[in-house]
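What follows is the content of model-v4.csv (CSV, N, CA and C atoms).
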```
chain,number,residue,atom,x,y,z
A,1,VAL,N,112.1,105.4,100.3
A,1,VAL,CA,111.5,106.7,100.2
A,1,VAL,C,112.1,107.7,101.2
A,2,GLU,N,112.2,107.2,102.4
A,2,GLU,CA,112.8,108.0,103.5
A,2,GLU,C,114.2,108.4,103.2
A,3,ALA,N,115.0,107.5,102.7
A,3,ALA,CA,116.4,107.8,102.4
A,3,ALA,C,116.5,108.9,101.4
A,4,GLY,N,115.6,108.9,100.4
A,4,GLY,CA,115.6,109.8,99.3
A,4,GLY,C,115.1,111.2,99.7
A,5,LEU,N,114.4,111.3,100.9
A,5,LEU,CA,113.9,112.6,101.3
A,5,LEU,C,114.6,113.2,102.5
A,6,ARG,N,115.6,112.4,103.0
A,6,ARG,CA,116.3,112.8,104.3
A,6,ARG,C,116.9,114.2,104.2
A,7,ASP,N,117.4,114.7,103.1
A,7,ASP,CA,118.1,116.0,103.1
A,7,ASP,C,117.4,117.1,102.3
A,8,VAL,N,116.0,116.9,102.2
A,8,VAL,CA,115.3,117.9,101.4
A,8,VAL,C,115.0,119.1,102.4
A,9,PRO,N,115.5,120.3,102.0
A,9,PRO,CA,115.2,121.5,102.9
A,9,PRO,C,113.7,121.7,103.0
A,10,GLY,N,113.3,122.0,104.3
A,10,GLY,CA,111.9,122.3,104.5
A,10,GLY,C,111.0,121.1,104.8
A,11,LEU,N,111.5,119.9,104.5
A,11,LEU,CA,110.8,118.6,104.7
A,11,LEU,C,111.3,117.9,105.9
A,12,THR,N,110.4,117.6,106.8
A,12,THR,CA,110.7,117.0,108.1
A,12,THR,C,110.3,115.5,108.0
A,13,LEU,N,111.2,114.6,108.3
A,13,LEU,CA,110.8,113.2,108.4
A,13,LEU,C,110.3,112.9,109.7
A,14,ILE,N,109.4,111.9,109.8
A,14,ILE,CA,108.8,111.5,111.1
A,14,ILE,C,109.6,110.3,111.5
A,15,GLU,N,110.4,110.4,112.5
A,15,GLU,CA,111.3,109.3,112.9
A,15,GLU,C,110.5,108.3,113.7
A,16,ARG,N,110.6,107.1,113.4
A,16,ARG,CA,109.9,106.0,114.2
A,16,ARG,C,110.9,105.4,115.2
A,17,PRO,N,110.4,105.0,116.3
A,17,PRO,CA,111.2,104.4,117.3
A,17,PRO,C,111.8,103.1,116.8
A,18,GLN,N,113.0,102.7,117.1
A,18,GLN,CA,113.6,101.5,116.6
A,18,GLN,C,112.9,100.3,117.0
A,19,ALA,N,112.2,100.3,118.2
A,19,ALA,CA,111.5,99.1,118.7
A,19,ALA,C,110.2,98.9,118.0
A,20,GLU,N,109.7,99.9,117.3
A,20,GLU,CA,108.4,99.8,116.6
A,20,GLU,C,108.4,98.9,115.4
A,21,ALA,N,107.4,98.0,115.4
A,21,ALA,CA,107.2,97.1,114.2
A,21,ALA,C,106.1,97.7,113.4
A,22,PHE,N,106.2,97.8,112.1
A,22,PHE,CA,105.2,98.4,111.3
A,22,PHE,C,105.2,97.8,109.9
A,23,VAL,N,104.1,97.9,109.2
A,23,VAL,CA,104.0,97.6,107.8
A,23,VAL,C,104.1,98.9,107.0
A,24,GLY,N,105.1,98.9,106.1
A,24,GLY,CA,105.4,100.1,105.4
A,24,GLY,C,104.5,100.4,104.2
A,25,SER,N,103.1,100.4,104.5
A,25,SER,CA,102.2,100.5,103.4
A,25,SER,C,101.8,102.0,103.2
A,26,SER,N,102.3,102.9,104.0
A,26,SER,CA,102.2,104.3,103.7
A,26,SER,C,103.4,105.0,104.3
A,27,PHE,N,103.5,106.3,103.9
A,27,PHE,CA,104.7,107.1,104.3
A,27,PHE,C,104.2,108.5,104.6
A,28,GLN,N,104.6,109.0,105.8
A,28,GLN,CA,104.2,110.3,106.2
A,28,GLN,C,105.4,111.2,106.4
A,29,PHE,N,105.3,112.5,106.1
A,29,PHE,CA,106.3,113.5,106.4
A,29,PHE,C,105.6,114.8,106.6
A,30,LEU,N,106.4,115.8,107.1
A,30,LEU,CA,105.9,117.1,107.5
A,30,LEU,C,106.4,118.2,106.6
A,31,LEU,N,105.6,119.2,106.2
A,31,LEU,CA,106.0,120.4,105.7
A,31,LEU,C,105.6,121.5,106.8
A,32,LEU,N,106.3,121.5,107.9
A,32,LEU,CA,105.9,122.2,109.1
A,32,LEU,C,106.0,123.7,108.8
A,33,ASP,N,104.9,124.4,109.2
A,33,ASP,CA,104.8,125.8,109.1
A,33,ASP,C,104.8,126.4,107.7
A,34,TRP,N,104.6,125.6,106.7
A,34,TRP,CA,104.5,126.0,105.3
A,34,TRP,C,103.1,126.7,105.1
A,35,PRO,N,103.0,127.7,104.3
A,35,PRO,CA,101.7,128.3,104.0
A,35,PRO,C,100.8,127.3,103.2
A,36,ASP,N,99.5,127.3,103.4
A,36,ASP,CA,98.6,126.4,102.8
A,36,ASP,C,98.8,126.4,101.2
A,37,ALA,N,99.0,127.5,100.7
A,37,ALA,CA,99.1,127.6,99.2
A,37,ALA,C,100.4,126.9,98.7
A,38,ALA,N,101.5,127.0,99.5
A,38,ALA,CA,102.7,126.3,99.1
A,38,ALA,C,102.5,124.8,99.2
A,39,ILE,N,101.8,124.3,100.2
A,39,ILE,CA,101.6,122.9,100.4
A,39,ILE,C,100.7,122.4,99.2
A,40,ARG,N,99.6,123.1,98.9
A,40,ARG,CA,98.8,122.8,97.8
A,40,ARG,C,99.5,122.7,96.5
A,41,GLY,N,100.4,123.7,96.3
A,41,GLY,CA,101.3,123.7,95.1
A,41,GLY,C,102.2,122.5,95.0
A,42,ALA,N,102.8,122.1,96.1
A,42,ALA,CA,103.7,120.9,96.1
A,42,ALA,C,102.9,119.7,95.9
A,43,VAL,N,101.7,119.5,96.5
A,43,VAL,CA,100.9,118.4,96.3
A,43,VAL,C,100.4,118.3,94.9
A,44,GLY,N,100.0,119.4,94.3
A,44,GLY,CA,99.5,119.4,92.9
A,44,GLY,C,100.7,119.1,91.9
A,45,ALA,N,101.9,119.6,92.2
A,45,ALA,CA,103.0,119.3,91.3
A,45,ALA,C,103.4,117.9,91.4
A,46,CYS,N,103.3,117.3,92.6
A,46,CYS,CA,103.6,115.8,92.7
A,46,CYS,C,102.6,115.0,91.9
A,47,LYS,N,101.3,115.4,92.1
A,47,LYS,CA,100.2,114.7,91.4
A,47,LYS,C,100.4,114.7,89.9
A,48,ALA,N,100.8,115.9,89.4
A,48,ALA,CA,101.0,116.0,88.0
A,48,ALA,C,102.0,115.1,87.4
A,49,ARG,N,102.9,114.7,88.3
A,49,ARG,CA,104.0,113.7,87.9
A,49,ARG,C,103.7,112.3,88.4
A,50,GLY,N,102.5,112.1,88.8
A,50,GLY,CA,102.0,110.7,89.1
A,50,GLY,C,102.2,110.3,90.6
A,51,VAL,N,102.5,111.2,91.5
A,51,VAL,CA,102.7,110.8,92.9
A,51,VAL,C,101.6,111.5,93.6
A,52,GLU,N,100.6,110.7,94.2
A,52,GLU,CA,99.5,111.3,94.9
A,52,GLU,C,99.7,111.4,96.4
A,53,LEU,N,99.8,112.6,96.9
A,53,LEU,CA,99.9,112.8,98.3
A,53,LEU,C,98.6,113.2,98.9
A,54,LYS,N,98.3,112.8,100.1
A,54,LYS,CA,97.2,113.2,100.9
A,54,LYS,C,97.6,114.2,102.0
A,55,TRP,N,96.9,115.3,102.1
A,55,TRP,CA,97.3,116.4,103.0
A,55,TRP,C,96.3,116.4,104.2
A,56,PHE,N,96.8,116.2,105.4
A,56,PHE,CA,95.9,116.3,106.5
A,56,PHE,C,95.4,117.7,106.8
A,57,GLY,N,96.2,118.7,106.4
A,57,GLY,CA,95.8,120.1,106.6
A,57,GLY,C,94.8,120.6,105.6
A,58,ALA,N,94.4,119.8,104.7
A,58,ALA,CA,93.4,120.3,103.6
A,58,ALA,C,92.1,120.7,104.3
A,59,ALA,N,91.4,121.6,103.7
A,59,ALA,CA,90.1,122.1,104.2
A,59,ALA,C,89.1,121.0,104.3
A,60,GLU,N,89.1,120.0,103.4
A,60,GLU,CA,88.2,118.9,103.4
A,60,GLU,C,89.0,117.6,103.4
A,61,PRO,N,88.4,116.6,104.1
A,61,PRO,CA,89.1,115.3,104.2
A,61,PRO,C,89.2,114.6,102.8
A,62,ALA,N,90.2,113.8,102.6
A,62,ALA,CA,90.3,113.0,101.4
A,62,ALA,C,90.6,111.6,101.8
A,63,GLY,N,89.7,110.7,101.5
A,63,GLY,CA,89.8,109.3,101.9
A,63,GLY,C,89.9,109.2,103.4
A,64,PHE,N,91.0,108.5,103.9
A,64,PHE,CA,91.2,108.4,105.3
A,64,PHE,C,92.0,109.5,105.9
A,65,THR,N,92.3,110.5,105.2
A,65,THR,CA,93.2,111.6,105.6
A,65,THR,C,92.3,112.7,106.2
A,66,SER,N,92.0,112.6,107.5
A,66,SER,CA,91.2,113.6,108.1
A,66,SER,C,91.7,113.9,109.5
A,67,THR,N,91.2,115.0,110.1
A,67,THR,CA,91.6,115.4,111.4
A,67,THR,C,90.3,115.6,112.3
A,68,TYR,N,90.5,115.8,113.6
A,68,TYR,CA,89.3,116.0,114.4
A,68,TYR,C,88.5,117.1,114.0
A,69,ASP,N,89.1,118.1,113.3
A,69,ASP,CA,88.3,119.3,112.8
A,69,ASP,C,87.4,118.9,111.7
A,70,HIS,N,87.6,117.8,111.0
A,70,HIS,CA,86.7,117.4,109.9
A,70,HIS,C,85.5,116.6,110.5
A,71,TRP,N,85.6,116.1,111.7
A,71,TRP,CA,84.6,115.3,112.3
A,71,TRP,C,83.4,116.2,112.8
A,72,ARG,N,82.5,116.5,111.9
A,72,ARG,CA,81.5,117.5,112.2
A,72,ARG,C,80.3,116.9,113.1
A,73,TYR,N,80.4,115.6,113.4
A,73,TYR,CA,79.3,115.0,114.2
A,73,TYR,C,79.4,115.3,115.7
A,74,ALA,N,80.5,115.9,116.1
A,74,ALA,CA,80.7,116.3,117.5
A,74,ALA,C,81.5,117.5,117.6
A,75,PRO,N,81.2,118.4,118.6
A,75,PRO,CA,82.0,119.6,118.8
A,75,PRO,C,83.4,119.2,119.2
A,76,ALA,N,84.3,120.1,118.7
A,76,ALA,CA,85.8,119.8,119.0
A,76,ALA,C,86.4,121.0,119.7
A,77,GLU,N,87.1,120.8,120.7
A,77,GLU,CA,87.9,121.8,121.4
A,77,GLU,C,89.2,122.1,120.5
A,78,ARG,N,89.5,123.3,120.4
A,78,ARG,CA,90.7,123.6,119.6
A,78,ARG,C,92.0,123.1,120.3
A,79,MET,N,92.9,122.6,119.5
A,79,MET,CA,94.2,122.1,120.0
A,79,MET,C,95.3,122.7,119.2
A,80,PRO,N,95.7,123.9,119.5
A,80,PRO,CA,96.7,124.6,118.6
A,80,PRO,C,98.0,123.9,118.3
A,81,ASP,N,98.5,123.2,119.3
A,81,ASP,CA,99.8,122.5,119.0
A,81,ASP,C,99.6,121.4,118.1
A,82,SER,N,98.5,120.6,118.3
A,82,SER,CA,98.2,119.5,117.4
A,82,SER,C,97.8,120.0,116.0
A,83,ASP,N,97.1,121.1,116.0
A,83,ASP,CA,96.7,121.7,114.7
A,83,ASP,C,97.9,122.1,113.9
A,84,ARG,N,98.9,122.7,114.5
A,84,ARG,CA,100.1,123.1,113.8
A,84,ARG,C,100.8,121.9,113.1
A,85,ILE,N,100.9,120.8,113.8
A,85,ILE,CA,101.5,119.6,113.3
A,85,ILE,C,100.6,119.0,112.2
A,86,LEU,N,99.4,118.8,112.5
A,86,LEU,CA,98.5,118.2,111.5
A,86,LEU,C,98.4,119.0,110.2
A,87,ARG,N,98.4,120.3,110.3
A,87,ARG,CA,98.4,121.2,109.1
A,87,ARG,C,99.5,120.9,108.1
A,88,GLY,N,100.6,120.3,108.6
A,88,GLY,CA,101.8,120.1,107.8
A,88,GLY,C,102.0,118.6,107.4
A,89,VAL,N,101.2,117.7,107.9
A,89,VAL,CA,101.4,116.3,107.6
A,89,VAL,C,100.9,115.9,106.3
A,90,LEU,N,101.7,115.2,105.5
A,90,LEU,CA,101.3,114.6,104.2
A,90,LEU,C,101.5,113.1,104.3
A,91,ASP,N,100.7,112.4,103.6
A,91,ASP,CA,100.7,110.9,103.6
A,91,ASP,C,100.6,110.4,102.2
A,92,MET,N,101.4,109.3,102.0
A,92,MET,CA,101.3,108.7,100.7
A,92,MET,C,101.2,107.2,100.8
A,93,ARG,N,100.3,106.6,100.1
A,93,ARG,CA,100.1,105.2,100.1
A,93,ARG,C,101.3,104.6,99.4
A,94,LEU,N,101.8,103.5,99.9
A,94,LEU,CA,102.9,102.8,99.3
A,94,LEU,C,102.5,101.3,99.1
A,95,PRO,N,102.0,101.0,98.0
A,95,PRO,CA,101.6,99.6,97.8
A,95,PRO,C,102.9,98.7,98.0
A,96,LEU,N,102.6,97.5,98.6
A,96,LEU,CA,103.7,96.6,98.9
A,96,LEU,C,104.3,96.0,97.7
A,97,THR,N,103.7,96.2,96.6
A,97,THR,CA,104.2,95.7,95.3
A,97,THR,C,105.2,96.6,94.6
A,98,PHE,N,105.4,97.8,95.2
A,98,PHE,CA,106.4,98.8,94.6
A,98,PHE,C,107.8,98.2,94.8
A,99,SER,N,108.6,98.4,93.8
A,99,SER,CA,110.0,97.9,93.9
A,99,SER,C,110.8,99.0,94.6
A,100,LEU,N,112.0,98.7,94.9
A,100,LEU,CA,112.9,99.7,95.5
A,100,LEU,C,113.2,100.8,94.4
A,101,ASP,N,113.2,100.5,93.2
A,101,ASP,CA,113.4,101.5,92.1
A,101,ASP,C,112.2,102.4,92.0
A,102,ASP,N,111.0,101.8,92.2
A,102,ASP,CA,109.7,102.6,92.2
A,102,ASP,C,109.8,103.6,93.4
A,103,CYS,N,110.2,103.2,94.5
A,103,CYS,CA,110.3,104.0,95.7
A,103,CYS,C,111.4,105.1,95.5
A,104,ALA,N,112.5,104.8,94.9
A,104,ALA,CA,113.5,105.8,94.7
A,104,ALA,C,113.0,106.9,93.7
A,105,LEU,N,112.2,106.5,92.7
A,105,LEU,CA,111.7,107.4,91.7
A,105,LEU,C,110.7,108.3,92.4
A,106,ILE,N,109.8,107.8,93.3
A,106,ILE,CA,108.8,108.5,94.0
A,106,ILE,C,109.5,109.6,94.9
A,107,ALA,N,110.6,109.1,95.6
A,107,ALA,CA,111.4,110.0,96.5
A,107,ALA,C,112.0,111.2,95.6
A,108,ARG,N,112.5,110.9,94.5
A,108,ARG,CA,113.1,111.9,93.6
A,108,ARG,C,112.0,112.9,93.2
A,109,ILE,N,110.8,112.5,92.8
A,109,ILE,CA,109.7,113.4,92.4
A,109,ILE,C,109.3,114.3,93.6
A,110,ILE,N,109.1,113.7,94.8
A,110,ILE,CA,108.7,114.5,95.9
A,110,ILE,C,109.8,115.5,96.3
A,111,ALA,N,111.1,115.0,96.3
A,111,ALA,CA,112.2,115.9,96.6
A,111,ALA,C,112.3,117.0,95.6
A,112,ASP,N,112.1,116.8,94.3
A,112,ASP,CA,112.1,117.8,93.3
A,112,ASP,C,111.1,118.9,93.6
A,113,GLU,N,109.8,118.4,93.7
A,113,GLU,CA,108.7,119.3,93.8
A,113,GLU,C,108.6,120.1,95.2
A,114,VAL,N,108.9,119.4,96.2
A,114,VAL,CA,109.0,120.0,97.5
A,114,VAL,C,110.2,121.0,97.6
A,115,GLY,N,111.3,120.5,97.0
A,115,GLY,CA,112.5,121.4,97.0
A,115,GLY,C,112.2,122.7,96.2
A,116,GLU,N,111.5,122.6,95.1
A,116,GLU,CA,111.2,123.7,94.3
A,116,GLU,C,110.2,124.7,95.0
A,117,ALA,N,109.2,124.1,95.6
A,117,ALA,CA,108.2,124.9,96.4
A,117,ALA,C,108.9,125.6,97.6
A,118,GLY,N,109.8,124.8,98.2
A,118,GLY,CA,110.5,125.4,99.4
A,118,GLY,C,111.5,126.5,99.0
A,119,ALA,N,112.1,126.3,97.8
A,119,ALA,CA,113.0,127.4,97.3
A,119,ALA,C,112.2,128.7,97.1
A,120,GLY,N,111.0,128.5,96.5
A,120,GLY,CA,110.2,129.7,96.3
A,120,GLY,C,109.8,130.4,97.7
A,121,LEU,N,109.6,129.6,98.7
A,121,LEU,CA,109.3,130.2,100.0
A,121,LEU,C,110.5,130.9,100.6
A,122,ARG,N,111.7,130.3,100.4
A,122,ARG,CA,112.9,130.9,101.0
A,122,ARG,C,113.2,132.2,100.2
A,123,ALA,N,113.0,132.2,98.9
A,123,ALA,CA,113.2,133.4,98.1
A,123,ALA,C,112.3,134.6,98.4
A,124,ALA,N,111.1,134.2,98.9
A,124,ALA,CA,110.1,135.2,99.3
A,124,ALA,C,110.4,135.8,100.6
A,125,GLU,N,111.3,135.2,101.4
A,125,GLU,CA,111.5,135.7,102.8
A,125,GLU,C,112.4,136.9,102.8
```
Mind turning this structure into structure tokens?
Amino acid sequence: VEAGLRDVPGLTLIERPQAEAFVGSSFQFLLLDWPDAAIRGAVGACKARGVELKWFGAAEPAGFTSTYDHWRYAPAERMPDSDRILRGVLDMRLPLTFSLDDCALIARIIADEVGEAGAGLRAAE
């Protein structure tokens, strides 16, 4: 998935340290500084094609995708730098049963839809 998204304009990959060991059961990337409507559009377009993305910047939490701002049981101090990053983070579950072909297809769908949404943003500038 990462290789298929590496050169998508407007999409930032989250580089992991080489020494880090992890289970690749989910994949995260950034649409940094994108307007909320554009992110919602890209998420919706991916979902329409069978790829479900969870957006940390959504107004309401979805599943395990939440931020400190969603935790209403305790007051939270604003953290503008963290908010900027979290507003653009998207997460996708990657079942370990997916094949490399499945992952390549998912990457193509995300690249297509994020690329199209990003092109609309660049055209509006």
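With only C-alpha atoms as the atoms that count, the minimum distance from Val43 in chain A to the choices A:Ile85, A:Ile106, A:Ala59, A:Val114 is reached by A:Val114.
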*Write out as a ChimeraX atom specification each polymer residue whose atoms come within 7 Å of range 25-40 of chain A, counting all atoms listed in the file; drop sequence neighbours fewer than 6 positions from it.*
/A:10-14,84-85,87-96,117
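Shortest atom-to-atom contact with Glu116 in chain A among A:Arg6, A:Ala42, A:Pro61, A:Gly24: A:Ala42, counting only C-alpha atoms.
Put simply, atom N of Glu2 in chain A is 20.4 Å away from atom N of Thr65 in chain A.
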*Mind checking DSSP for chain A and telling me the alpha helix (DSSP H) residues as a VMD selection string?*
chain A and resid 2 to 5 36 to 48 80 to 88 100 to 124
